[in-house]
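Data first, discussion second: the structure below is written as structure tokens.
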Amino acid sequence: MPARRRFLRLAAGAALPGVLAGCDRLAGNDELNGMLRKAQFLSQRAQALLTGVDAMAQEFTEDDIADVFRSNGTAMPDSGLYRQLLADGFASWRLRVGGLVAHPAQYSLADLRGMPSRTQITRHDCVEGWSVIGKWTGVPLRQLLLRAGPLPAARYVVFHCADPMDGSDLQAPGSTYYESIDLVEAGHPQTILAYGLNDEPLPVKNGAPLRLRVERQLGYKQAKYLMRIDVVERLDQVRGGKGGYWEDRGYEWYAGI
Ligand SMILES: Nc1nc2c(c(=O)[nH]1)N[C@H]1C(S)=C(S)[C@@H](COP(=O)(O)O)O[C@H]1N2
Ligand SMILES: [Mo]
């Protein structure tokens, strides 16, 4: 399978261009910014060296599952489009997969539920200082990317959500929650697009119909209300340029736990 080989090769090489990008920035004028970026890169690198890029986040047992998985951030997207999608039980919702891929595609919820799934009981850690254990079921992101066939320049996966963050509607470009991860994280076995929580359909307050679970990172990386996934070469041309809604407001892009 050429697409799979290409993806694996990309995933294996994905960390290297980061070194070059970091060094380029260090050589630039904004020295402080460069130092911060280098520190962040080093912490990601150190974590990878100490635990391995394949390291799994801890998984728990059924007994550990919290009675209620609390909601944080958006609990109900303030968007006419989202309300329409919700009203028909997400029958007309589609996840669009595009950007630097050979085969852009759209998936209905039924399509995703029909694909091989993974279930994992993990702990969600929010930067605000609380944690909660839940059981997630969904499609490994790796499967969708292998089908899409990332092009040689592909380095990151950007997740676009339905919830407007600035009081404007989804139609206004640039106003919704978004997040991103690199291809290494995207190919990790515990990185899934979850449609189920605790053996039930994903509740609206937790991101229905589909949300990202990237279990080695903090809560704000776990993008809810997914609408579109874009494979890109660089993040500095996306929205605020830092790779996520909270990152654009100062949070770290690599939010390792
Ligand atoms: N679309 C979207 N995704 C989001 C957020 C959000 O406000 N909107 N909040 C983030 C934060 S800070 C956390 S802690 C988790 C909360 O997920 P939960 O509501 O399932 O607890 O979602 C993350 N993903
Ligand atoms: Mo959070």
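Each chain in the structure tokens gets a letter, A, B and so on, in the order shown; residues start at 1 in every chain, and ligands are counted from 1 in the order they appear.
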Open item on the list: What residues of the protein or nucleic acid chains come within 10 Å of ligand 2 when you use only C-alpha atoms and all ligand atoms? Reply as a PyMOL selection string.
Closed with: chain A and resi 71-73+124-131+218-222+246
Can you write just those residues out, C-alpha atoms, as an mmCIF file, in the first residue's frame?
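Result file is again37.cif:
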```
data_model
loop_
_atom_site.group_PDB
_atom_site.id
_atom_site.type_symbol
_atom_site.label_atom_id
_atom_site.label_comp_id
_atom_site.auth_asym_id
_atom_site.auth_seq_id
_atom_site.Cartn_x
_atom_site.Cartn_y
_atom_site.Cartn_z
ATOM 1 C CA SER A 71 -18.174 19.804 30.405
ATOM 2 C CA ASN A 72 -15.827 22.719 29.902
ATOM 3 C CA GLY A 73 -15.634 25.552 27.389
ATOM 4 C CA HIS A 124 -8.787 14.002 30.826
ATOM 5 C CA ASP A 125 -6.656 16.709 32.465
ATOM 6 C CA CYS A 126 -7.701 20.335 32.091
ATOM 7 C CA VAL A 127 -5.176 23.136 32.709
ATOM 8 C CA GLU A 128 -7.680 24.599 35.138
ATOM 9 C CA GLY A 129 -6.653 21.810 37.521
ATOM 10 C CA TRP A 130 -9.350 19.157 37.318
ATOM 11 C CA SER A 131 -9.358 15.645 35.877
ATOM 12 C CA LEU A 218 -4.092 18.380 27.925
ATOM 13 C CA GLY A 219 -7.800 19.117 27.749
ATOM 14 C CA TYR A 220 -7.735 22.058 25.381
ATOM 15 C CA LYS A 221 -6.224 19.869 22.620
ATOM 16 C CA GLN A 222 -9.358 17.655 22.696
ATOM 17 C CA TRP A 246 -5.922 28.756 23.132
#
```
Run DSSP on the backbone and give me the residues of region 52-104 of chain A it puts in helix (DSSP H, G or I), as a compact mmCIF listing (two decimals) with N, CA, C and O atoms, in the first residue's frame.
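This went into selection22.txt:
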```txt
# COMPACT_ATOMS: atom_id res chain seq x y z
N GLU A 62 -13.14 -0.03 34.04
CA GLU A 62 -14.55 0.41 34.11
C GLU A 62 -14.87 1.03 35.47
O GLU A 62 -15.64 1.99 35.56
N ASP A 63 -14.26 0.47 36.54
CA ASP A 63 -14.52 0.97 37.90
C ASP A 63 -14.05 2.41 38.11
O ASP A 63 -14.52 3.10 39.02
N ASP A 64 -13.10 2.83 37.29
CA ASP A 64 -12.53 4.17 37.45
C ASP A 64 -13.37 5.26 36.78
O ASP A 64 -13.14 6.45 37.00
N GLY A 80 -26.41 28.74 14.23
CA GLY A 80 -27.62 28.28 13.55
C GLY A 80 -27.38 26.97 12.82
O GLY A 80 -28.22 26.06 12.85
N LEU A 81 -26.24 26.86 12.18
CA LEU A 81 -25.92 25.63 11.45
C LEU A 81 -25.86 24.44 12.42
O LEU A 81 -26.43 23.39 12.14
N TYR A 82 -25.21 24.65 13.56
CA TYR A 82 -25.11 23.55 14.51
C TYR A 82 -26.49 23.14 15.02
O TYR A 82 -26.80 21.96 15.15
N ARG A 83 -27.33 24.14 15.31
CA ARG A 83 -28.68 23.82 15.79
C ARG A 83 -29.45 23.00 14.77
O ARG A 83 -30.18 22.07 15.11
N GLN A 84 -29.27 23.33 13.47
CA GLN A 84 -29.91 22.54 12.40
C GLN A 84 -29.41 21.11 12.39
O GLN A 84 -30.18 20.16 12.27
N LEU A 85 -28.10 20.97 12.49
CA LEU A 85 -27.50 19.63 12.46
C LEU A 85 -28.00 18.80 13.64
O LEU A 85 -28.35 17.63 13.50
N LEU A 86 -28.05 19.45 14.81
CA LEU A 86 -28.51 18.77 16.03
C LEU A 86 -29.97 18.35 15.90
O LEU A 86 -30.35 17.25 16.32
N ALA A 87 -30.78 19.25 15.27
CA ALA A 87 -32.22 18.99 15.19
C ALA A 87 -32.53 17.72 14.40
O ALA A 87 -33.50 17.03 14.71
```
Open item on the list: Please return, as a VMD selection string, all residues of region 28-195 of chain A that DSSP assigns to strand (DSSP E or B) on the basis of the backbone.
Closed with: chain A and resid 95 to 99 101 105 to 107 118 to 125 131 to 140 150 156 to 164 176 to 182 191 to 195
Task: For region 198-202 of chain A: contacts at 9 Å, only C-alpha atoms, fewer than 6 positions along chain excluded, given as JSON, numbers by chain - done: {"A": [65, 69, 121, 134, 135, 136, 137, 208, 209, 210, 211]}
Open item on the list: Show me, as an MDAnalysis selection string, the residues that have an atom within 10 Å of region 116-119 of chain A when counting only C-alpha atoms, minus same-chain residues fewer than 5 positions from it.
Closed with: chainID A and resid 135:140 143 189:194 196:199
Task: Residues within 9 Å of Ala75 (chain A), only C-alpha atoms, excluding chain neighbours under 5 positions, as a VMD selection string - done: chain A and resid 204 to 207
Open item on the list: Counting only C-alpha atoms and all ligand atoms, which residue out of A:Ala102, A:Met115, A:Met165, A:Leu235 sits closest to ligand 1?
Closed with: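 Of A:Ala102, A:Met115, A:Met165, A:Leu235, the one nearest ligand 1, counting only C-alpha atoms and all ligand atoms, is A:Met165.
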Task: Residue nearest Thr176 (chain A) - candidates A:Glu233, A:Asp163, A:Asp78, A:Asp111, atoms counted: only C-alpha atoms - done: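 Residue with the minimum atom-to-atom distance to Thr176 (chain A): A:Asp163.
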- [ ] Identify, on the basis of only C-alpha atoms, every residue whose closest approach to Pro150 (chain A) does not exceed 6 Å; exclude the query and any residue fewer than 4 positions from it along the same chain; express the result as a list of chain:residue names.
- [x] A:Leu100, A:Val101, A:Ala154
Task: Counting only C-alpha atoms, the option among A:Arg142, A:Arg155, A:Ile229, A:Arg216 closest to Tyr178 (chain A) - done: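 Among the listed residues, the smallest separation from Tyr178 (chain A) belongs to A:Ile229.
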Open item on the list: For Asp236 (chain A), find every residue with an atom within 12 Å (counting only C-alpha atoms), except residues of its own chain fewer than 6 positions away, and show them as a PyMOL selection string.
Closed with: chain A and resi 21+156+158+180+242-244+247-248
Open item on the list: Let me make sure I understand: among A:Glu179, A:Glu252, A:Asp54, A:Asp67, which one has the smallest atom-to-atom distance to ligand 1 if we use only C-alpha atoms and all ligand atoms?
Closed with: A:Glu179
